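> Sending over upload_10.tsv (TSV, C-alpha atoms).
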```
chain	number	residue	atom	x	y	z
A	12	MET	CA	0.00	0.00	0.00
A	13	ILE	CA	1.00	3.55	-0.72
A	14	PRO	CA	0.35	6.22	1.93
A	15	ILE	CA	-2.32	8.79	1.09
A	16	GLN	CA	-0.59	11.77	-0.45
A	17	PRO	CA	-1.72	14.89	-2.31
A	18	GLN	CA	-1.41	14.51	-6.06
A	19	SER	CA	1.20	16.77	-7.60
A	20	SER	CA	2.78	17.34	-10.98
A	21	GLU	CA	6.48	17.06	-11.73
A	22	THR	CA	8.60	20.15	-11.98
A	23	ALA	CA	10.54	20.73	-15.15
A	24	GLU	CA	13.88	20.25	-13.37
A	25	ALA	CA	15.07	17.98	-10.60
A	26	ALA	CA	14.67	19.29	-7.06
A	27	VAL	CA	17.86	20.49	-5.41
A	28	GLN	CA	19.72	17.56	-3.85
A	29	HIS	CA	20.46	18.89	-0.36
A	30	ASP	CA	23.18	17.54	1.90
A	31	ILE	CA	22.44	16.35	5.42
A	32	GLN	CA	23.53	19.67	6.98
A	33	HIS	CA	20.61	21.36	5.20
A	34	TYR	CA	18.10	19.12	6.97
A	35	MET	CA	19.85	19.32	10.34
A	36	ARG	CA	19.93	23.12	10.54
A	37	PRO	CA	17.92	24.85	13.33
A	38	GLY	CA	14.15	25.10	12.84
A	39	THR	CA	10.83	25.61	14.63
A	40	LEU	CA	10.11	21.98	15.58
A	41	GLN	CA	11.64	20.03	18.47
A	42	LEU	CA	11.62	16.28	17.88
A	43	GLY	CA	13.22	14.51	20.83
A	44	SER	CA	13.46	11.18	18.99
A	45	LEU	CA	12.85	9.83	15.51
A	46	PRO	CA	9.97	7.42	14.70
A	47	PRO	CA	10.47	3.96	13.15
A	48	LEU	CA	11.69	3.96	9.55
A	49	SER	CA	10.19	1.92	6.69
A	50	LEU	CA	11.19	1.59	3.04
A	51	TYR	CA	8.73	1.74	0.14
A	52	VAL	CA	9.88	0.46	-3.28
A	53	HIS	CA	7.72	1.35	-6.28
A	54	LEU	CA	7.66	-1.00	-9.28
A	55	PRO	CA	5.41	0.90	-11.70
A	56	TRP	CA	4.40	-1.50	-14.48
A	57	CYS	CA	1.22	-3.56	-14.73
A	58	LEU	CA	-0.44	-5.62	-17.47
A	59	LYS	CA	-3.23	-3.03	-17.82
A	60	LYS	CA	-4.20	0.04	-15.86
A	61	CYS	CA	-7.47	-0.57	-14.01
A	62	PRO	CA	-10.23	2.02	-14.61
A	63	TYR	CA	-10.41	2.94	-10.89
A	64	CYS	CA	-6.64	3.22	-10.32
A	65	ASP	CA	-5.04	6.60	-9.61
A	66	PHE	CA	-1.64	5.23	-8.54
A	67	ASN	CA	1.48	5.81	-10.62
A	68	SER	CA	1.07	2.68	-12.73
A	69	HIS	CA	1.90	2.15	-16.39
A	70	GLY	CA	0.59	-0.54	-18.72
A	71	TRP	CA	3.18	-2.90	-20.14
A	72	SER	CA	2.91	-4.79	-23.38
A	73	LYS	CA	4.29	-8.34	-23.31
A	74	SER	CA	5.81	-7.64	-26.71
A	75	ASP	CA	8.26	-5.27	-25.01
A	76	ALA	CA	10.99	-6.44	-22.65
A	77	LEU	CA	10.49	-5.17	-19.10
A	78	PRO	CA	13.66	-3.18	-18.18
A	79	GLU	CA	14.14	-5.09	-14.93
A	80	ASP	CA	17.93	-4.80	-14.64
A	81	ARG	CA	18.07	-1.11	-15.52
A	82	TYR	CA	15.21	-0.29	-13.19
A	83	ILE	CA	16.81	-2.11	-10.27
A	84	ASP	CA	20.10	-0.33	-10.98
A	85	ALA	CA	18.14	2.95	-10.86
A	86	LEU	CA	16.53	1.93	-7.56
A	87	MET	CA	19.95	1.27	-6.06
A	88	ALA	CA	21.24	4.63	-7.32
A	89	ASP	CA	18.14	6.31	-5.86
A	90	LEU	CA	18.71	4.61	-2.51
A	91	GLU	CA	22.39	5.51	-2.43
A	92	SER	CA	21.59	9.18	-3.02
A	93	ALA	CA	19.27	9.08	0.02
A	94	LEU	CA	21.50	7.11	2.40
A	95	PRO	CA	23.02	10.20	4.10
A	96	LEU	CA	19.49	11.25	5.19
A	97	ILE	CA	18.85	7.95	7.03
A	98	TRP	CA	22.39	7.05	8.04
A	99	GLY	CA	22.51	4.88	11.15
A	100	ARG	CA	18.75	4.26	11.23
A	101	THR	CA	17.27	0.76	11.18
A	102	VAL	CA	14.69	-0.19	8.54
A	103	HIS	CA	11.79	-2.07	10.17
A	104	SER	CA	9.79	-2.96	7.06
A	105	VAL	CA	9.99	-3.00	3.27
A	106	PHE	CA	6.97	-2.79	0.97
A	107	MET	CA	7.21	-3.41	-2.78
A	108	GLY	CA	4.14	-1.83	-4.36
A	109	GLY	CA	3.03	-0.78	-7.79
A	110	GLY	CA	1.94	-1.28	-10.46
A	111	THR	CA	2.32	-5.02	-10.21
A	112	PRO	CA	5.64	-5.99	-8.60
A	113	SER	CA	4.99	-9.68	-9.33
A	114	LEU	CA	5.61	-8.89	-13.02
A	115	PHE	CA	9.29	-8.82	-12.07
A	116	SER	CA	11.00	-12.19	-12.12
A	117	PRO	CA	11.94	-13.91	-8.84
A	118	GLU	CA	15.58	-13.49	-9.91
A	119	SER	CA	15.11	-9.72	-10.14
A	120	ILE	CA	13.34	-9.57	-6.77
A	121	ASP	CA	16.23	-11.57	-5.27
A	122	LYS	CA	18.70	-9.07	-6.75
A	123	LEU	CA	16.63	-6.17	-5.41
A	124	ILE	CA	16.39	-7.51	-1.85
A	125	ALA	CA	20.09	-8.40	-1.82
A	126	GLY	CA	20.86	-4.84	-2.91
A	127	LEU	CA	18.74	-3.40	-0.12
A	128	ARG	CA	20.38	-5.61	2.50
A	129	ALA	CA	23.84	-4.61	1.29
A	130	ARG	CA	23.08	-0.91	1.71
A	131	LEU	CA	20.75	-0.70	4.72
A	132	ARG	CA	20.68	-1.69	8.35
A	133	MET	CA	17.60	-3.94	8.34
A	134	GLU	CA	16.05	-5.70	11.31
A	135	PRO	CA	16.82	-9.44	11.26
A	136	ASP	CA	13.07	-10.20	11.12
A	137	CYS	CA	12.28	-7.23	8.85
A	138	GLU	CA	8.81	-7.48	7.32
A	139	ILE	CA	9.25	-7.62	3.52
A	140	THR	CA	5.94	-7.38	1.65
A	141	MET	CA	5.35	-7.65	-2.06
A	142	GLU	CA	2.10	-6.91	-3.90
A	143	ALA	CA	1.08	-9.62	-6.35
A	144	ASN	CA	-1.62	-9.89	-8.98
A	145	PRO	CA	-3.30	-13.23	-9.76
A	146	GLY	CA	-2.99	-12.29	-13.44
A	147	THR	CA	0.79	-12.76	-13.15
A	148	PHE	CA	0.47	-16.02	-11.22
A	149	GLU	CA	2.36	-19.11	-12.38
A	150	LYS	CA	2.83	-22.31	-10.39
A	151	ASP	CA	5.79	-22.06	-7.97
A	152	ARG	CA	6.28	-18.34	-8.73
A	153	PHE	CA	5.21	-17.29	-5.24
A	154	LYS	CA	7.44	-20.00	-3.78
A	155	ALA	CA	10.35	-18.45	-5.67
A	156	PHE	CA	9.51	-14.99	-4.30
A	157	ARG	CA	9.57	-16.50	-0.80
A	158	ALA	CA	13.01	-17.97	-1.48
A	159	ALA	CA	14.18	-14.53	-2.66
A	160	GLY	CA	13.41	-13.07	0.77
A	161	VAL	CA	9.80	-11.86	0.54
A	162	ASN	CA	8.08	-12.92	3.78
A	163	ARG	CA	4.64	-11.34	3.30
A	164	LEU	CA	2.52	-11.39	0.14
A	165	SER	CA	-0.42	-9.07	-0.58
A	166	ILE	CA	-2.66	-10.45	-3.33
A	167	GLY	CA	-4.85	-8.05	-5.29
A	168	VAL	CA	-7.88	-10.33	-5.71
A	169	GLN	CA	-10.61	-7.59	-5.49
A	170	SER	CA	-13.35	-10.20	-6.13
A	171	PHE	CA	-13.78	-13.94	-6.62
A	172	ASP	CA	-16.65	-13.35	-9.05
A	173	ASP	CA	-15.87	-13.04	-12.76
A	174	ARG	CA	-18.75	-10.58	-13.25
A	175	PHE	CA	-17.26	-8.03	-10.90
A	176	LEU	CA	-13.66	-8.65	-11.95
A	177	GLN	CA	-14.74	-7.70	-15.47
A	178	ALA	CA	-16.74	-4.72	-14.18
A	179	VAL	CA	-13.62	-3.19	-12.58
A	180	GLY	CA	-11.28	-4.12	-15.43
A	181	ARG	CA	-9.13	-6.74	-13.71
A	182	VAL	CA	-6.97	-8.94	-15.97
A	183	HIS	CA	-7.41	-12.15	-13.94
A	184	ASP	CA	-10.42	-14.41	-13.43
A	185	ALA	CA	-11.85	-16.10	-10.36
A	186	ALA	CA	-10.03	-19.39	-10.99
A	187	GLN	CA	-6.68	-17.60	-11.15
A	188	ALA	CA	-7.51	-15.71	-7.95
A	189	LYS	CA	-8.25	-18.91	-6.06
A	190	ALA	CA	-5.12	-20.63	-7.35
A	191	ALA	CA	-2.96	-17.64	-6.38
A	192	VAL	CA	-4.36	-17.51	-2.84
A	193	ARG	CA	-3.84	-21.27	-2.40
A	194	GLU	CA	-0.18	-20.99	-3.37
A	195	ALA	CA	0.28	-17.97	-1.11
A	196	ALA	CA	-1.21	-19.93	1.80
A	197	ASP	CA	1.18	-22.82	1.08
A	198	ASN	CA	4.30	-20.64	1.06
A	199	PHE	CA	3.71	-17.70	3.40
A	200	GLU	CA	2.98	-17.67	7.12
A	201	THR	CA	1.53	-14.18	6.69
A	202	PHE	CA	-0.31	-13.08	3.58
A	203	ASN	CA	-3.02	-10.57	2.75
A	204	ILE	CA	-6.04	-10.75	0.47
A	205	ASP	CA	-7.19	-7.44	-1.02
A	206	LEU	CA	-10.93	-7.22	-1.72
A	207	MET	CA	-13.15	-4.38	-2.90
A	208	TYR	CA	-16.83	-3.79	-2.18
A	209	ALA	CA	-19.63	-1.57	-3.47
A	210	LEU	CA	-18.69	-2.68	-6.98
A	211	PRO	CA	-20.89	-1.92	-10.01
A	212	GLY	CA	-23.99	-4.12	-9.80
A	213	GLN	CA	-22.87	-5.84	-6.58
A	214	SER	CA	-25.50	-6.85	-4.01
A	215	LYS	CA	-25.01	-7.69	-0.34
A	216	THR	CA	-25.48	-11.36	-1.21
A	217	ASP	CA	-22.75	-11.08	-3.85
A	218	LEU	CA	-20.41	-9.47	-1.35
A	219	GLN	CA	-21.16	-12.14	1.28
A	220	ARG	CA	-20.08	-14.80	-1.22
A	221	ASP	CA	-16.82	-12.93	-1.87
A	222	VAL	CA	-16.08	-12.49	1.83
A	223	ASP	CA	-16.95	-16.12	2.60
A	224	MET	CA	-14.66	-17.30	-0.20
A	225	ALA	CA	-11.81	-15.12	1.06
A	226	LEU	CA	-12.25	-16.34	4.63
A	227	SER	CA	-12.35	-19.98	3.49
A	228	PHE	CA	-8.60	-19.68	2.83
A	229	ALA	CA	-8.05	-18.65	6.48
A	230	PRO	CA	-6.03	-15.55	5.57
A	231	PRO	CA	-4.06	-14.00	8.46
A	232	HIS	CA	-4.85	-10.53	7.04
A	233	LEU	CA	-7.65	-9.07	4.94
A	234	SER	CA	-7.84	-5.59	3.41
A	235	ILE	CA	-11.25	-4.53	2.11
A	236	TYR	CA	-11.68	-1.22	0.32
A	237	HIS	CA	-14.78	0.65	-0.79
A	238	LEU	CA	-14.60	1.34	-4.52
A	239	THR	CA	-14.13	5.09	-4.83
A	240	ILE	CA	-14.19	7.13	-8.01
A	241	GLU	CA	-10.90	9.03	-8.06
A	242	PRO	CA	-10.17	12.08	-10.25
A	243	ASN	CA	-8.19	11.52	-13.44
A	244	THR	CA	-9.24	7.89	-13.80
A	245	TYR	CA	-11.31	6.17	-16.50
A	246	PHE	CA	-14.15	5.75	-14.01
A	247	ALA	CA	-14.10	9.48	-13.28
A	248	LYS	CA	-14.71	10.14	-16.97
A	249	TYR	CA	-17.18	7.27	-17.42
A	250	PRO	CA	-18.60	6.65	-13.93
A	251	PRO	CA	-20.23	3.26	-13.34
A	252	VAL	CA	-23.42	2.80	-11.33
A	253	ILE	CA	-22.36	1.71	-7.86
A	254	PRO	CA	-24.42	0.85	-4.74
A	255	GLU	CA	-25.96	3.72	-2.76
A	256	ASP	CA	-24.22	4.89	0.42
A	257	ASP	CA	-26.79	3.21	2.68
A	258	THR	CA	-26.19	-0.12	0.96
A	259	ALA	CA	-22.42	0.38	1.22
A	260	TYR	CA	-22.74	0.96	5.00
A	261	GLU	CA	-24.75	-2.27	5.27
A	262	MET	CA	-22.03	-4.04	3.28
A	263	LEU	CA	-19.42	-2.77	5.74
A	264	ASP	CA	-21.49	-4.13	8.65
A	265	LEU	CA	-21.57	-7.48	6.85
A	266	ILE	CA	-17.79	-7.46	6.45
A	267	THR	CA	-17.24	-6.59	10.11
A	268	ALA	CA	-19.58	-9.34	11.33
A	269	SER	CA	-18.00	-11.98	9.08
A	270	THR	CA	-14.43	-11.13	10.05
A	271	ILE	CA	-15.28	-11.18	13.77
A	272	THR	CA	-16.71	-14.68	13.35
A	273	ALA	CA	-13.47	-15.69	11.61
A	274	GLY	CA	-11.39	-14.48	14.57
A	275	MET	CA	-10.11	-11.31	12.92
A	276	SER	CA	-10.08	-7.84	14.42
A	277	ARG	CA	-10.52	-4.56	12.58
A	278	TYR	CA	-7.44	-2.60	13.57
A	279	GLU	CA	-7.72	0.05	10.85
A	280	VAL	CA	-10.59	1.41	8.75
A	281	SER	CA	-9.93	-1.06	5.91
A	282	ALA	CA	-7.72	-3.69	7.58
A	283	TYR	CA	-8.62	-6.87	9.47
A	284	ALA	CA	-6.09	-9.27	10.97
A	285	LYS	CA	-5.63	-12.25	13.22
A	286	THR	CA	-3.54	-11.68	16.35
A	287	GLY	CA	0.12	-11.10	15.48
A	288	HIS	CA	-0.50	-10.55	11.77
A	289	GLN	CA	-1.13	-6.81	11.57
A	290	CYS	CA	0.89	-5.20	8.79
A	291	PHE	CA	3.76	-3.32	10.45
A	292	HIS	CA	4.52	-1.32	7.31
A	293	ASN	CA	1.05	0.15	6.93
A	294	SER	CA	0.71	0.62	10.69
A	295	ASN	CA	3.88	2.72	10.58
A	296	TYR	CA	2.27	5.00	7.97
A	297	TRP	CA	-0.84	5.40	10.09
A	298	GLN	CA	1.19	6.13	13.24
A	299	PHE	CA	3.04	8.93	11.40
A	300	GLY	CA	6.26	6.95	11.21
A	301	ASP	CA	8.96	7.72	8.67
A	302	TYR	CA	9.32	6.09	5.27
A	303	LEU	CA	11.83	6.46	2.48
A	304	GLY	CA	10.23	5.89	-0.92
A	305	ILE	CA	12.37	4.91	-3.88
A	306	GLY	CA	11.26	4.31	-7.44
A	307	ALA	CA	9.14	6.15	-10.01
A	308	GLY	CA	6.76	8.59	-8.31
A	309	ALA	CA	7.53	7.29	-4.81
A	310	HIS	CA	6.87	9.55	-1.81
A	311	SER	CA	9.03	9.91	1.30
A	312	LYS	CA	8.33	11.36	4.73
A	313	LEU	CA	11.49	11.84	6.81
A	314	SER	CA	11.92	13.38	10.25
A	315	PHE	CA	14.92	15.32	11.53
A	316	ALA	CA	15.57	17.08	14.83
A	317	HIS	CA	13.89	20.35	13.78
A	318	ARG	CA	11.77	19.55	10.70
A	319	ILE	CA	9.73	16.98	8.80
A	320	VAL	CA	10.41	16.69	5.07
A	321	ARG	CA	8.41	15.20	2.20
A	322	GLN	CA	9.95	14.18	-1.11
A	323	VAL	CA	8.61	12.91	-4.43
A	324	ARG	CA	10.57	11.03	-7.12
A	325	PHE	CA	10.00	11.57	-10.85
A	326	ARG	CA	6.82	9.78	-11.95
A	327	ASP	CA	7.56	8.67	-15.50
A	328	PRO	CA	9.52	5.39	-15.28
A	329	ASN	CA	11.94	6.20	-18.11
A	330	ARG	CA	12.61	9.67	-16.79
A	331	PHE	CA	13.00	8.31	-13.27
A	332	MET	CA	15.62	5.82	-14.46
A	333	ASP	CA	17.54	8.52	-16.33
A	334	MET	CA	17.47	10.95	-13.39
A	335	ALA	CA	18.19	8.38	-10.68
A	336	LEU	CA	21.18	6.96	-12.56
A	337	ALA	CA	22.43	10.55	-12.92
A	338	GLY	CA	22.14	11.01	-9.14
A	339	THR	CA	19.11	13.35	-9.20
A	340	PRO	CA	15.92	11.30	-8.62
A	341	LEU	CA	13.96	13.99	-6.74
A	342	ALA	CA	11.21	15.93	-8.49
A	343	GLN	CA	10.11	17.63	-5.24
A	344	ASP	CA	11.57	18.17	-1.79
A	345	HIS	CA	9.83	20.38	0.75
A	346	GLU	CA	9.54	20.94	4.47
A	347	VAL	CA	6.08	20.29	5.95
A	348	LYS	CA	4.65	23.53	7.30
A	349	ARG	CA	4.12	23.64	11.04
A	350	ALA	CA	0.46	24.58	10.51
A	351	ASP	CA	-0.12	21.50	8.30
A	352	LEU	CA	1.25	18.93	10.73
A	353	PRO	CA	-1.86	18.46	12.93
A	354	PHE	CA	-4.04	17.54	9.92
A	355	GLU	CA	-1.32	15.35	8.36
A	356	TYR	CA	-1.00	13.45	11.63
A	357	MET	CA	-4.77	13.04	12.09
A	358	LEU	CA	-5.27	11.98	8.46
A	359	ASN	CA	-3.36	8.83	9.39
A	360	ALA	CA	-3.73	8.22	13.13
A	361	LEU	CA	-7.53	8.50	13.23
A	362	ARG	CA	-7.77	5.56	10.80
A	363	LEU	CA	-6.60	3.26	13.62
A	364	ARG	CA	-9.12	1.44	15.80
A	365	GLY	CA	-6.88	1.99	18.81
A	366	GLY	CA	-6.39	5.69	18.10
A	367	PHE	CA	-3.21	7.36	19.31
A	368	ALA	CA	-1.46	8.51	22.46
A	369	LEU	CA	-1.22	12.26	22.99
A	370	GLN	CA	2.41	11.82	24.02
A	371	GLU	CA	3.12	10.13	20.69
A	372	TYR	CA	1.48	13.01	18.82
A	373	MET	CA	3.88	15.43	20.49
A	374	GLU	CA	6.88	13.16	19.83
A	375	ARG	CA	6.05	12.54	16.15
A	376	THR	CA	5.16	16.14	15.21
A	377	GLY	CA	7.35	18.15	17.58
A	378	LEU	CA	4.27	20.23	18.44
A	379	PRO	CA	2.62	20.93	21.82
A	380	MET	CA	-0.76	19.51	22.82
A	381	SER	CA	-2.29	22.97	22.45
A	382	SER	CA	-1.96	22.64	18.65
A	383	ILE	CA	-4.86	20.12	18.55
A	384	ALA	CA	-6.77	21.00	21.74
A	385	LYS	CA	-9.53	22.92	19.93
A	386	GLY	CA	-10.12	20.13	17.40
A	387	LEU	CA	-10.17	17.46	20.11
A	388	ASP	CA	-12.72	19.39	22.14
A	389	ALA	CA	-14.99	19.82	19.10
A	390	ALA	CA	-14.64	16.15	18.07
A	391	GLN	CA	-15.44	14.93	21.58
A	392	ALA	CA	-18.48	17.22	21.82
A	393	LYS	CA	-19.83	15.63	18.62
A	394	GLY	CA	-19.23	12.10	19.90
A	395	LEU	CA	-16.57	11.32	17.29
A	396	ILE	CA	-13.76	10.49	19.75
A	397	THR	CA	-13.22	9.47	23.35
A	398	ARG	CA	-10.28	10.58	25.51
A	399	ASP	CA	-8.98	8.48	28.37
A	400	MET	CA	-5.60	8.09	30.08
A	401	GLY	CA	-3.84	10.29	27.54
A	402	ARG	CA	-5.25	8.40	24.55
A	403	VAL	CA	-7.60	9.54	21.77
A	404	VAL	CA	-9.78	6.84	20.19
A	405	PRO	CA	-12.35	7.23	17.37
A	406	THR	CA	-15.85	6.11	18.34
A	407	GLU	CA	-18.00	3.97	16.04
A	408	ARG	CA	-19.59	7.21	14.88
A	409	GLY	CA	-16.12	8.68	14.33
A	410	PHE	CA	-15.19	5.70	12.17
A	411	ASP	CA	-18.40	6.05	10.16
A	412	PHE	CA	-17.77	9.77	9.59
A	413	LEU	CA	-13.99	9.62	9.38
A	414	ASN	CA	-13.62	12.36	6.75
A	415	ASP	CA	-15.63	14.77	8.90
A	416	LEU	CA	-13.50	13.88	11.92
A	417	GLN	CA	-10.21	14.37	10.08
A	418	GLU	CA	-11.33	17.71	8.63
A	419	MET	CA	-11.79	19.11	12.15
A	420	PHE	CA	-7.99	19.38	12.31
A	421	LEU	CA	-7.49	21.26	9.04
```
Would you encode the structure as structure tokens?

Amino acid sequence: MIPIQPQSSETAEAAVQHDIQHYMRPGTLQLGSLPPLSLYVHLPWCLKKCPYCDFNSHGWSKSDALPEDRYIDALMADLESALPLIWGRTVHSVFMGGGTPSLFSPESIDKLIAGLRARLRMEPDCEITMEANPGTFEKDRFKAFRAAGVNRLSIGVQSFDDRFLQAVGRVHDAAQAKAAVREAADNFETFNIDLMYALPGQSKTDLQRDVDMALSFAPPHLSIYHLTIEPNTYFAKYPPVIPEDDTAYEMLDLITASTITAGMSRYEVSAYAKTGHQCFHNSNYWQFGDYLGIGAGAHSKLSFAHRIVRQVRFRDPNRFMDMALAGTPLAQDHEVKRADLPFEYMLNALRLRGGFALQEYMERTGLPMSSIAKGLDAAQAKGLITRDMGRVVPTERGFDFLNDLQEMFL
């Protein structure tokens, strides 16, 4: 998964590549310690861009050779240019997203992970997740990814019903989805199934069948997303007819009831897991941890003693490779404004079922409690949060009206 970020266009020239002294200079924030650090690796190609997708993904024709070696060389150059900014810090998780990372061969993924390990201090049990599409599934392919060092697979199933797979433009069918999940279950202790709901023409009965099928594989983790119509997508131009909001809320109740019965807990708005199988990488995003993003269009959020910085790499894969190999992968590099930090923190932390500790808010933003006091008071008065023992937790109503709750901190 990619963290929610504002969309932005590339500048004509590369952003200035600052040295570490630039980021360490005095500033208005006071961060006593740095949060955990994760690494996001973007592999941008897919077989076909889905009509709902607004990620930086690019269709790839099988008649063209995928530039795997050159792209991995560019990723390593990108990483090396960023190493001074994270020197001495331990990487707790790695997430390979896309696009469809499983288009890359197991040999290339092995080369990539070996390159990361050679350049970074990684935890011995570092969570290494790769997104996979059933449309790229071949027998023993997932087993080979496991041998390469991937220890968590996230499978983009979306539905087990051919009608709805076709409705949202997926390249795989239900049989491929089931085969891919079976192989994942055979080779990975922890894996995730991605589903979508409120699909064009989908009823509650249809969704129940999808959820039941997913749960029949006993997945340790399940991510279920409401189909949303994003700007600048095919669906935005040609919107499909999707279930009404009231039906979508009933569908969510169905999902919650089914996952509880299966022994899973909802620890984030769209994430359900069995005990011990929560995704560390995504949890780090939601807890306002740090992440270095490498690859075409990847975003980074990095903390320093007196500032928090966001960066964006060049989006176009060919341009990214050219610029990264030249030592200038950054399209944008800016310091987060002090006034924007409360909303940026709440945009993530309020997605968590367990909420956040006020002390952690102060540690992760470098801001005093007074910076969110007004918003907390208003949210509590409306019944959207509870406060107890220094912790802020969204209520059921707060979860149902999450956008309204987050906007109270703008």
> By how many Å are CA of Leu40 (chain A) and CA of Leu378 (chain A) apart?
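CA of Leu378 (chain A) lies at a distance of 6.7 Å from CA of Leu40 (chain A).
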> Considering only C-alpha atoms, state which residue in the set A:Gly160, A:Leu361, A:Arg321, A:Arg174 is at the smallest distance from Ala125 (chain A).
A:Gly160
> At a cut-off of 8 Å, using only C-alpha atoms, what residues contact Ser281 (chain A)? Leave out same-chain residues fewer than 6 positions from it and give the result as an NGL selection string.
:A and (234-236)
> Which residue gives the smallest distance to Ala26 (chain A) among A:Thr339, A:Thr101, A:Ser381, A:Gln289, with only C-alpha atoms counted?
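Under the stated criterion, the closest residue is A:Thr339.
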> Residues near Ala190 (chain A), anyone? I mean within 10 Å using all atoms listed in the file, not counting same-chain ones fewer than 5 positions away, as a PyMOL selection string.
chain A and resi 145+148-150+185+195-196
> Using all atoms listed in the file, which of the listed residues (A:Leu313, A:Met380, A:Ala390, A:Leu358) sits closest to Asn414 (chain A)?
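Result for the nearest residue to Asn414 (chain A): A:Leu358.
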> Mind working out the centre and edge lengths of an axis-aligned box for region 154-171 of chain A, all listed atoms inside, 4 Å added to each side, rounded to one decimal in Å and written as JSON?

```
{"center_x": 0.2, "center_y": -13.8, "center_z": -1.4, "size_x": 36.0, "size_y": 20.4, "size_z": 18.4}
```
> Given the choices A:Asp301, A:Asp173, A:Glu255, A:Asp415, which gets closest to Thr376 (chain A) if the distance is worked out from all atoms listed in the file?
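So, comparing all the options, the nearest one is A:Asp301.
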> Closest to Leu413 (chain A) among A:Leu395, A:Leu341, A:Val161, A:Leu86, using only C-alpha atoms?
A:Leu395
> Which residues are near Phe246 (chain A)? Cut-off 10 Å, all atoms listed in the file, ignore same chain within fewer than 2 positions. Put them as a list in words.
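Neighbouring residues, sequence-local ones excluded: Cys61, Pro62, Tyr63, Cys64, Val179, Thr239, Ile240, Glu241, Pro242, Asn243, Thr244, Lys248, Tyr249, Pro250 and Pro251 of chain A.
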> Ranking A:His237, A:Lys122, A:His232, A:Arg36 by minimum distance to Arg81 (chain A) and counting all atoms listed in the file, which one comes first?
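For Arg81 (chain A), the nearest of the candidates is A:Lys122.
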> Can you pull out the residues contacting region 227-230 of chain A? Cut-off 9 Å, using all atoms listed in the file, and skip same-chain residues under 3 positions away; I want them as a count of residues only.
15
> I want to know what sits within 10 Å of Leu263 (chain A), based on only C-alpha atoms, with residues of the same chain fewer than 2 positions away left out; could you give that as a ChimeraX atom specification?
/A:208-209,215,218,235-237,257-261,265-269,281,411
> Suppose you want the space between CA of His292 (chain A) and CA of Val105 (chain A); what is it in Å?
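Computing it gives 7.0 Å between the two atoms.
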> What does the distance from CA of Lys312 (chain A) to CA of Val347 (chain A) come to in Å, to one decimal?
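Computing the Euclidean distance for CA of Lys312 (chain A) and CA of Val347 (chain A) yields 9.3 Å.
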> For a cut-off of 8 Å around (-4.2, -13.1, -16.5), file coordinates, pick out all residues using all atoms listed in the file and list them as a list in words.
Pro145, Gly146, Thr147, Phe148, Val182, His183, Asp184 and Gln187 of chain A
